[in-house]
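Enquirer: My structure is below; once you've seen it, I'll send some questions.
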Amino acid sequence: MAFDVARIRGLFPALGDGWIHLDASAGMQVPEQVATAVATAMRAPVSGPGGAFPASQRAEAIVEAARRAVADLVGGEPAGVVLGPNVPVLLQRLAEALGSEWLIGDEVAVSRLDHQANIAPWLRAAQRPGAAIRWGEIDIETCELPAWQYDSLMSRRTKVVAVTAASGAVGTRPDVPKIAEIAHKTGALMVVDASYAAPFMPMDMRALGADIIAVSASAWGGPAVGALVFADPDLLDRLPASALDPGTRGPERLELGPHAYPMLAGLVASVDYLGSLDDAASGTRRERLETSLSSAKSYQAGLLAKLISELRAIRNVMVIGDAMRRIPVLAFTIADVKAADAIVALAERGICAFADDVPSGVFAALGVSEVGGAVRVGLAHYTTSGEVDQLVDAVADIRT
C-alpha cells in the first residue's frame with residue numbers, strides 16, 4: 001500500500017487557505033482534476049442528447065461515462081445508475097415512486113442512526129396510505145445499531161428497510177449485510193445510504209445486500225451530484241416514472257429534467273481521483289478503487305484511533321459512542337462548554353468543525369442537546385497526524 005498524504009494534499013488547491021479542514025463530514029474539498037474537468041466541460045460545446053451532431057453526442061458520452069463511473073464505485077451496473085442533483089432529492093423521488101403502491105397496514109423500517117435524507121422521504125411516503133413506521137434504535141452507550149432487533153421489526157408487510165452504511169454524525173458502521181439478510185427474508189427492499197461511507201472504504205453493493213444504494217459525489221470532493229444504483233436495473237421499469245416523459249425507460253424514469261453535464265464530467269473525474277489515492281493501484285478502475293479505498297481506510301483508521309485515544313485522555317471531554325466499526329467521523333462533548341462556543345474557539349485557532357446542538361437525528365436519541373450539543377469533526381483523505389495533534393491541543397486549551 002502506498003497512501004502518500006503529502007502527495008494527496010498537493011491535489012487540493014483549497015488547502016492553501018491555511019485552515020485545518022476537519023469538516024469533511026459536510027463534504028471534502030475539491031481536487032484540482034475535478035475542478036478542471038468541470039471547467040473543461042463548460043468550455044466545450046455540449047447540447048441536449050439525441051442529436052446527430054458532436055455537441056449532442058458529447059452530452060450522451062458524459063452521461064454514459066458518469067453511469068459507468070458510479071457503477072465501478074459501488075460494484076453495480078451502469079444500466080442501474082440514476083443520476084440527480086443530490087441524494088435527498090433522489091431518495092424523495094424513490095420514496096414517492098415506491099410508496100405510490102403501498103396500502104394501509106404496510107410497513108417501512110428506518111433507523112435513528114440515519115441522516116434525515118434517508119428518513120424524511122420514507123416518513124412522508126408512509127403517511128399518505130397510512131403505512132406504519134418501524135424504528136431501528138441505537139445503543140446509547142456505543143452508538144451501535146444492533147442488527148438483531150430487525151428480526152422483530154419486520155414482517156411480511158414490510159416494504160422497505162432504509163439504513164445507512166455509516167453515520168455522518170458519530171461514524172458508526174452498522175452490520176448492513178445482516179440487516180439485509182433479515183429484510184430479504186420478509187421480501188422487503190433494502191435501501192442503503194452510502195453517502196458517508198463511500199469516500200472511506202471499498203463499496204460492494206451486492207456484498208452489502210443493498211437492492212438500492214445512494215452515494216453523493218460531494219462527500220469525496222466531487223461536484224454536487226447524487227446517484228442511486230439499482231442492483232436489478234429491471235426494477236426501474238416497474239416503478240412509476242418521475243420523468244416528464246412517463247414512457248421513458250431505465251434510469252431516466254427517475255431523472256427529472258436535463259442533466260448538468262459539467263457536473264457529471266466532474267463526477268467522473270472525482271471517481272478517478274478516488275482510484276488514484278494509492279500510488280500502487282493498478283488494473284481496471286474498479287480494481288484501482290478497491291486498492292485505493294482499502295489504503296485510505298487503513299490510513300484513516302490509524303488517525304481516528306489516535307484522535308479518540310488522545311481526546312479521551314483530556315479531562316471532561318467525552319467521545320460519543322464506541323462502535324467497533326466506524327468511518328473517520330467523530331463527535332465529542334466538553335463539560336461546561338456549549339458546542340456552539342467550542343467551534344468558535346476552534347475557529348479562532350484555525351480549525352474547521354461543526355456544532356450539533358439541534359434536538360434531531362441521532363443526537364436527539366442520545367439527548368446531546370440537553371448538555372449543550374456535540375462538536376463534530378470529520379477527517380478527510382488529506383488530514384495529517386499533525387492536524388490531529390493540533391485539534392487535540394486546541395480542545396485541551398478550551399478546557400483550561
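For the C-alpha cells, the naming scheme is as follows: chains receive sequential letters (A, B, ...) according to their order of presentation, residues are indexed from 1 within each chain, and ligands are indexed from 1 in presentation order.
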Show me, as a count of residues only, the residues that have an atom within 8 Å of A:Leu189 when counting only C-alpha atoms, minus same-chain residues fewer than 4 positions from it.
Expert: 7
Enquirer: Can you pull out the residues contacting A:Ser242? Cut-off 10 Å, using only C-alpha atoms, and skip same-chain residues under 4 positions away; I want them as a ChimeraX atom specification.
Expert: /A:93-94,96-97,246,248,252-257
Enquirer: Since we have the selection now, will you write its residues out, keeping C-alpha atoms, as an mmCIF file, in the first residue's frame?
Expert:
```cif
data_model
loop_
_atom_site.group_PDB
_atom_site.id
_atom_site.type_symbol
_atom_site.label_atom_id
_atom_site.label_comp_id
_atom_site.auth_asym_id
_atom_site.auth_seq_id
_atom_site.Cartn_x
_atom_site.Cartn_y
_atom_site.Cartn_z
ATOM 1 C CA ARG A 93 -38.296 10.539 -5.843
ATOM 2 C CA LEU A 94 -37.638 6.904 -4.982
ATOM 3 C CA GLU A 96 -42.700 8.620 -3.874
ATOM 4 C CA ALA A 97 -42.419 6.012 -6.626
ATOM 5 C CA PRO A 246 -43.858 8.766 -18.466
ATOM 6 C CA THR A 248 -39.182 6.609 -20.725
ATOM 7 C CA GLU A 252 -34.231 8.078 -16.911
ATOM 8 C CA ARG A 253 -37.543 7.130 -15.261
ATOM 9 C CA LEU A 254 -36.288 8.765 -12.036
ATOM 10 C CA GLU A 255 -34.365 11.599 -13.702
ATOM 11 C CA LEU A 256 -36.262 14.860 -13.964
ATOM 12 C CA GLY A 257 -35.187 17.498 -16.475
#
```
Enquirer: Counting only C-alpha atoms, which of A:Arg376, A:Lys338, A:Lys178, A:Arg238 gets nearest to A:Ala210?
Expert: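 Among the listed residues, A:Lys178 lies closest to A:Ala210.
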Enquirer: Which neighbours of A:Gly18 fall inside 12 Å, counting only C-alpha atoms, when residues of the same chain fewer than 5 positions from it are skipped, and could you give them as a PyMOL selection string?
Expert: chain A and resi 13+347+349-352+387
Enquirer: Export all heavy atoms of the chosen residues as an mmCIF file, in the first residue's frame?
Expert:
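In the end it all went to part_36.cif:
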```cif
data_model
loop_
_atom_site.group_PDB
_atom_site.id
_atom_site.type_symbol
_atom_site.label_atom_id
_atom_site.label_comp_id
_atom_site.auth_asym_id
_atom_site.auth_seq_id
_atom_site.Cartn_x
_atom_site.Cartn_y
_atom_site.Cartn_z
ATOM 1 N N PRO A 13 -6.146 22.567 -4.219
ATOM 2 C CA PRO A 13 -5.797 23.992 -4.135
ATOM 3 C C PRO A 13 -6.389 24.671 -2.904
ATOM 4 O O PRO A 13 -5.786 25.588 -2.336
ATOM 5 C CB PRO A 13 -6.390 24.579 -5.426
ATOM 6 C CG PRO A 13 -6.524 23.421 -6.356
ATOM 7 C CD PRO A 13 -6.816 22.240 -5.496
ATOM 8 N N ALA A 347 -12.351 27.658 15.699
ATOM 9 C CA ALA A 347 -12.160 28.507 14.518
ATOM 10 C C ALA A 347 -11.114 29.579 14.783
ATOM 11 O O ALA A 347 -10.334 29.938 13.886
ATOM 12 C CB ALA A 347 -13.483 29.131 14.096
ATOM 13 N N ARG A 349 -8.584 29.206 16.362
ATOM 14 C CA ARG A 349 -7.301 28.511 16.266
ATOM 15 C C ARG A 349 -7.088 27.918 14.870
ATOM 16 O O ARG A 349 -6.195 27.108 14.676
ATOM 17 C CB ARG A 349 -7.229 27.418 17.335
ATOM 18 C CG ARG A 349 -7.178 27.974 18.762
ATOM 19 C CD ARG A 349 -7.512 26.890 19.782
ATOM 20 N NE ARG A 349 -7.316 27.326 21.155
ATOM 21 C CZ ARG A 349 -8.187 28.062 21.839
ATOM 22 N NH1 ARG A 349 -9.324 28.451 21.264
ATOM 23 N NH2 ARG A 349 -7.926 28.417 23.086
ATOM 24 N N GLY A 350 -7.946 28.315 13.925
ATOM 25 C CA GLY A 350 -7.776 27.894 12.542
ATOM 26 C C GLY A 350 -8.272 26.502 12.231
ATOM 27 O O GLY A 350 -7.834 25.893 11.254
ATOM 28 N N ILE A 351 -9.223 25.995 13.023
ATOM 29 C CA ILE A 351 -9.731 24.638 12.834
ATOM 30 C C ILE A 351 -11.206 24.681 12.472
ATOM 31 O O ILE A 351 -12.016 25.320 13.161
ATOM 32 C CB ILE A 351 -9.533 23.795 14.116
ATOM 33 C CG1 ILE A 351 -8.043 23.702 14.454
ATOM 34 C CG2 ILE A 351 -10.148 22.403 13.943
ATOM 35 C CD1 ILE A 351 -7.756 23.030 15.780
ATOM 36 N N CYS A 352 -11.589 23.995 11.396
ATOM 37 C CA CYS A 352 -12.977 23.925 10.943
ATOM 38 C C CYS A 352 -13.663 22.713 11.577
ATOM 39 O O CYS A 352 -13.192 21.582 11.421
ATOM 40 C CB CYS A 352 -13.051 23.792 9.426
ATOM 41 S SG CYS A 352 -12.202 25.096 8.507
ATOM 42 N N GLU A 387 -2.258 17.591 12.069
ATOM 43 C CA GLU A 387 -3.524 18.315 12.224
ATOM 44 C C GLU A 387 -4.364 17.711 13.341
ATOM 45 O O GLU A 387 -5.042 18.431 14.085
ATOM 46 C CB GLU A 387 -4.287 18.307 10.903
ATOM 47 C CG GLU A 387 -3.635 19.167 9.830
ATOM 48 C CD GLU A 387 -4.359 19.122 8.502
ATOM 49 O OE1 GLU A 387 -4.893 18.041 8.152
ATOM 50 O OE2 GLU A 387 -4.384 20.160 7.794
#
```
Enquirer: Take atom CA of A:Phe332 and atom CA of A:Ile320 and report the distance between them in Å, one decimal.
Expert: 5.3 Å
Enquirer: Under the rule of at most 12 Å, produce a per-residue listing of stretch 174-283 of chain A near stretch 44-53 of chain A: chain, number, name, the closest pair of atoms, and the distance in Å, as a Markdown table, using only C-alpha atoms.
Expert:
```
| residue | atom | partner | partner_atom | distance |
| --- | --- | --- | --- | --- |
| A:Gly257 | CA | A:Gly48 | CA | 10.8 |
| A:Pro258 | CA | A:Gly48 | CA | 7.7 |
| A:His259 | CA | A:Gly48 | CA | 8.8 |
| A:Ala260 | CA | A:Val46 | CA | 10.3 |
| A:Tyr261 | CA | A:Val46 | CA | 7.8 |
| A:Pro262 | CA | A:Val46 | CA | 9.0 |
| A:Ala265 | CA | A:Ala44 | CA | 11.4 |
```
Enquirer: Which residues are near A:Ala296? Cut-off 12 Å, only C-alpha atoms, ignore same chain within fewer than 6 positions. Put them as a compact mmCIF listing (two decimals) with C-alpha atoms, in the first residue's frame.
Expert:
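Contents of around.txt, as written:
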```txt
# COMPACT_ATOMS: atom_id res chain seq x y z
CA MET A 1 0.00 0.00 0.00
CA ALA A 2 1.26 3.48 -0.84
CA PHE A 3 -1.00 6.11 0.67
CA ASP A 4 1.05 9.31 0.47
CA VAL A 5 -0.87 12.03 2.28
CA ILE A 8 -2.69 13.85 -1.91
CA ALA A 197 -19.23 5.57 3.79
CA ALA A 198 -18.25 5.67 0.12
CA PRO A 199 -15.26 8.05 0.49
CA PHE A 200 -13.56 5.84 3.07
CA MET A 201 -13.95 2.19 2.14
CA PRO A 202 -14.45 -0.05 -0.89
CA TRP A 220 -15.40 12.73 -1.54
CA LEU A 274 -10.58 8.04 -5.59
CA GLY A 275 -8.95 5.34 -7.68
CA SER A 276 -5.61 7.18 -7.53
CA LEU A 277 -5.34 7.52 -3.74
CA ASP A 278 -2.85 4.65 -3.62
CA ASP A 279 0.24 5.12 -5.79
CA ALA A 281 -3.17 0.96 -7.55
CA LEU A 289 -10.82 1.84 -6.44
CA GLU A 290 -10.69 -1.28 -4.29
CA GLY A 302 -4.87 4.95 12.35
CA LEU A 303 -5.66 8.67 12.52
CA LEU A 304 -9.05 8.05 14.09
CA ILE A 327 -15.67 5.78 9.46
CA PRO A 328 -13.40 8.74 10.47
CA LEU A 379 -11.27 13.53 8.79
CA ALA A 380 -10.50 13.62 5.08
CA HIS A 381 -8.05 11.93 2.74
CA TYR A 382 -5.80 14.94 3.19
CA THR A 383 -5.88 15.08 7.02
```
Enquirer: Calculated over only C-alpha atoms, which of the candidates A:Ala24, A:Ala269, A:Leu239, A:Val170 has the smallest distance to A:Glu101?
Expert: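 The answer is A:Leu239, which sits nearest to A:Glu101.
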Enquirer: Could you check how far atom CA of A:Ala109 sits from atom CA of A:Ser218, in Å to one decimal?
Expert: 26.9 Å
Enquirer: Pick the closest to A:Leu235 from A:Pro78, A:Asp23, A:Pro251, A:Ser292: which is it, counting only C-alpha atoms?
Expert: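 Closest to A:Leu235, using only C-alpha atoms: A:Pro251.
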Enquirer: Run DSSP on the backbone and grab whatever in stretch 147-271 of chain A lands in alpha helix (DSSP H); send it over as a PyMOL selection string.
Expert: chain A and resi 150-153+176-185+205-208+261-271
Enquirer: Using only C-alpha atoms, which residue out of A:Ser270, A:Ser56, A:Thr172, A:Ser298 lies closest to A:Asp322?
Expert: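 Closest to A:Asp322 of all the choices is A:Thr172.
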Enquirer: Residues at most 12 Å from A:Gly136, counting only C-alpha atoms, excluding those fewer than 4 positions away in the same chain, as a PyMOL selection string?
Expert: chain A and resi 108-114+119+143-154+161-164+174+179+362+365
Enquirer: Excluding A:Leu264 and its own-chain neighbours fewer than 2 positions away, which residues fall within 10 Å of it when counting only C-alpha atoms? Please give them as a ChimeraX atom specification.
Expert: /A:37-38,41,59,62-67,69,83-85,217,222-226,259-262,266-270
Enquirer: Would you mind telling me which residue in A:Ser295, A:Thr142, A:Ser195, A:Gln127 lies nearest to A:Val74 when using only C-alpha atoms?
Expert: A:Ser195
Enquirer: Report, in Å to a single decimal, how far apart atom CA of A:Ala95 and atom CA of A:Leu123 are.
Expert: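 Separating atom CA of A:Leu123 from atom CA of A:Ala95 is a distance of 9.0 Å.
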Enquirer: Nearest to A:Gly386: which of A:Ala6, A:Val368, A:Ile398, A:Ala35 is it, counting only C-alpha atoms?
Expert: A:Ala6
Enquirer: Identify, on the basis of only C-alpha atoms, every residue whose closest approach to A:Ser25 does not exceed 6 Å; exclude the query and any residue fewer than 2 positions from it along the same chain; express the result as a PDB file with N, CA and C atoms, in the first residue's frame.
Expert:
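See around-v1.pdb below for the written result:
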```
ATOM      1  N   ASP A  23     -13.765  19.315   8.518  1.00  0.00           N
ATOM      2  CA  ASP A  23     -15.191  19.471   8.222  1.00  0.00           C
ATOM      3  C   ASP A  23     -15.626  18.526   7.105  1.00  0.00           C
ATOM      4  N   GLY A  27     -18.640  17.321   3.477  1.00  0.00           N
ATOM      5  CA  GLY A  27     -18.137  17.268   2.106  1.00  0.00           C
ATOM      6  C   GLY A  27     -16.677  17.686   2.061  1.00  0.00           C
ATOM      7  N   GLY A 168     -22.921   9.832   9.455  1.00  0.00           N
ATOM      8  CA  GLY A 168     -22.152  11.057   9.287  1.00  0.00           C
ATOM      9  C   GLY A 168     -22.113  11.887  10.550  1.00  0.00           C
ATOM     10  N   GLY A 378     -14.793  15.660  11.024  1.00  0.00           N
ATOM     11  CA  GLY A 378     -14.680  14.604  10.023  1.00  0.00           C
ATOM     12  C   GLY A 378     -13.320  14.671   9.369  1.00  0.00           C
TER      13      GLY A 378
END
```
Enquirer: DSSP on the backbone, strand (DSSP E or B) only: what residues of stretch 82-324 of chain A does that give? Format it as number ranges by chain.
Expert: A: 82-84, 107-111, 132-136, 158-164, 172, 189-193, 212-216, 226-230, 278, 317-319
Enquirer: Could the residues in this selection be written to a file with N, CA and C atoms, as a compact mmCIF listing (two decimals), in the first residue's frame?
Expert:
```txt
# COMPACT_ATOMS: atom_id res chain seq x y z
N VAL A 82 -28.99 5.85 -11.53
CA VAL A 82 -29.84 7.05 -11.68
C VAL A 82 -29.04 8.24 -11.19
N LEU A 83 -28.97 9.30 -11.98
CA LEU A 83 -28.20 10.50 -11.64
C LEU A 83 -29.13 11.65 -11.30
N GLY A 84 -28.69 12.49 -10.38
CA GLY A 84 -29.52 13.63 -10.00
C GLY A 84 -28.72 14.67 -9.24
N GLU A 107 -45.64 -1.53 5.96
CA GLU A 107 -44.66 -1.03 6.93
C GLU A 107 -43.36 -0.60 6.25
N VAL A 108 -42.69 0.36 6.89
CA VAL A 108 -41.38 0.83 6.45
C VAL A 108 -40.48 0.88 7.67
N ALA A 109 -39.26 0.38 7.55
CA ALA A 109 -38.31 0.42 8.67
C ALA A 109 -37.22 1.45 8.38
N VAL A 110 -37.03 2.38 9.32
CA VAL A 110 -35.96 3.37 9.24
C VAL A 110 -35.15 3.27 10.54
N SER A 111 -34.08 4.04 10.66
CA SER A 111 -33.25 3.93 11.86
C SER A 111 -32.91 5.30 12.44
N ALA A 132 -47.26 1.91 8.42
CA ALA A 132 -46.65 2.02 9.74
C ALA A 132 -45.14 2.22 9.62
N ILE A 133 -44.57 2.96 10.57
CA ILE A 133 -43.13 3.20 10.62
C ILE A 133 -42.54 2.37 11.76
N ARG A 134 -41.51 1.62 11.45
CA ARG A 134 -40.77 0.85 12.45
C ARG A 134 -39.38 1.46 12.59
N TRP A 135 -38.95 1.66 13.83
CA TRP A 135 -37.69 2.36 14.09
C TRP A 135 -36.62 1.39 14.59
N GLY A 136 -35.47 1.41 13.94
CA GLY A 136 -34.29 0.73 14.46
C GLY A 136 -33.61 1.67 15.45
N THR A 158 -43.62 -5.50 5.56
CA THR A 158 -42.54 -4.53 5.43
C THR A 158 -42.15 -4.37 3.96
N LYS A 159 -42.24 -3.16 3.45
CA LYS A 159 -41.95 -2.89 2.05
C LYS A 159 -40.52 -2.43 1.82
N VAL A 160 -40.02 -1.58 2.70
CA VAL A 160 -38.68 -1.00 2.55
C VAL A 160 -37.97 -0.98 3.89
N VAL A 161 -36.69 -1.31 3.86
CA VAL A 161 -35.82 -1.10 5.01
C VAL A 161 -34.76 -0.09 4.57
N ALA A 162 -34.73 1.06 5.20
CA ALA A 162 -33.78 2.12 4.86
C ALA A 162 -32.75 2.24 5.98
N VAL A 163 -31.50 2.12 5.63
CA VAL A 163 -30.45 2.17 6.65
C VAL A 163 -29.18 2.76 6.05
N THR A 164 -28.39 3.38 6.89
CA THR A 164 -27.14 3.99 6.45
C THR A 164 -26.01 2.98 6.46
N THR A 172 -20.58 5.50 13.16
CA THR A 172 -20.91 4.08 13.27
C THR A 172 -21.19 3.43 11.92
N LEU A 189 -37.50 -4.44 0.40
CA LEU A 189 -36.46 -3.84 -0.44
C LEU A 189 -35.46 -3.14 0.48
N MET A 190 -34.17 -3.37 0.27
CA MET A 190 -33.12 -2.80 1.12
C MET A 190 -32.51 -1.57 0.45
N VAL A 191 -32.71 -0.40 1.06
CA VAL A 191 -32.19 0.86 0.54
C VAL A 191 -31.09 1.35 1.47
N VAL A 192 -29.87 1.43 0.96
CA VAL A 192 -28.70 1.78 1.77
C VAL A 192 -28.16 3.13 1.34
N ASP A 193 -28.06 4.04 2.31
CA ASP A 193 -27.46 5.35 2.05
C ASP A 193 -25.97 5.27 2.36
N ILE A 212 -30.84 -1.13 -3.46
CA ILE A 212 -30.61 0.22 -3.99
C ILE A 212 -29.61 0.90 -3.06
N ILE A 213 -28.60 1.52 -3.63
CA ILE A 213 -27.60 2.21 -2.82
C ILE A 213 -27.48 3.65 -3.31
N ALA A 214 -27.33 4.58 -2.38
CA ALA A 214 -27.22 6.00 -2.69
C ALA A 214 -25.83 6.51 -2.36
N VAL A 215 -25.27 7.33 -3.24
CA VAL A 215 -23.96 7.95 -2.99
C VAL A 215 -24.01 9.42 -3.40
N SER A 216 -23.14 10.20 -2.75
CA SER A 216 -23.06 11.64 -3.02
C SER A 216 -21.64 12.01 -3.37
N GLY A 226 -25.69 13.50 -7.04
CA GLY A 226 -26.00 12.29 -6.31
C GLY A 226 -26.35 11.18 -7.28
N ALA A 227 -26.38 9.95 -6.76
CA ALA A 227 -26.73 8.81 -7.61
C ALA A 227 -27.41 7.74 -6.78
N LEU A 228 -28.37 7.07 -7.41
CA LEU A 228 -28.95 5.84 -6.88
C LEU A 228 -28.52 4.72 -7.82
N VAL A 229 -28.14 3.59 -7.25
CA VAL A 229 -27.76 2.45 -8.07
C VAL A 229 -28.66 1.27 -7.70
N PHE A 230 -29.32 0.72 -8.70
CA PHE A 230 -30.22 -0.42 -8.52
C PHE A 230 -29.46 -1.70 -8.83
N ASP A 278 -4.01 5.50 -3.87
CA ASP A 278 -2.85 4.65 -3.62
C ASP A 278 -1.96 4.68 -4.85
N VAL A 317 -13.65 15.69 28.69
CA VAL A 317 -14.01 15.54 27.28
C VAL A 317 -14.57 14.13 27.09
N MET A 318 -15.75 14.03 26.51
CA MET A 318 -16.37 12.73 26.30
C MET A 318 -16.57 12.48 24.82
N VAL A 319 -15.95 11.43 24.33
CA VAL A 319 -16.16 10.99 22.95
C VAL A 319 -17.47 10.21 22.90
```
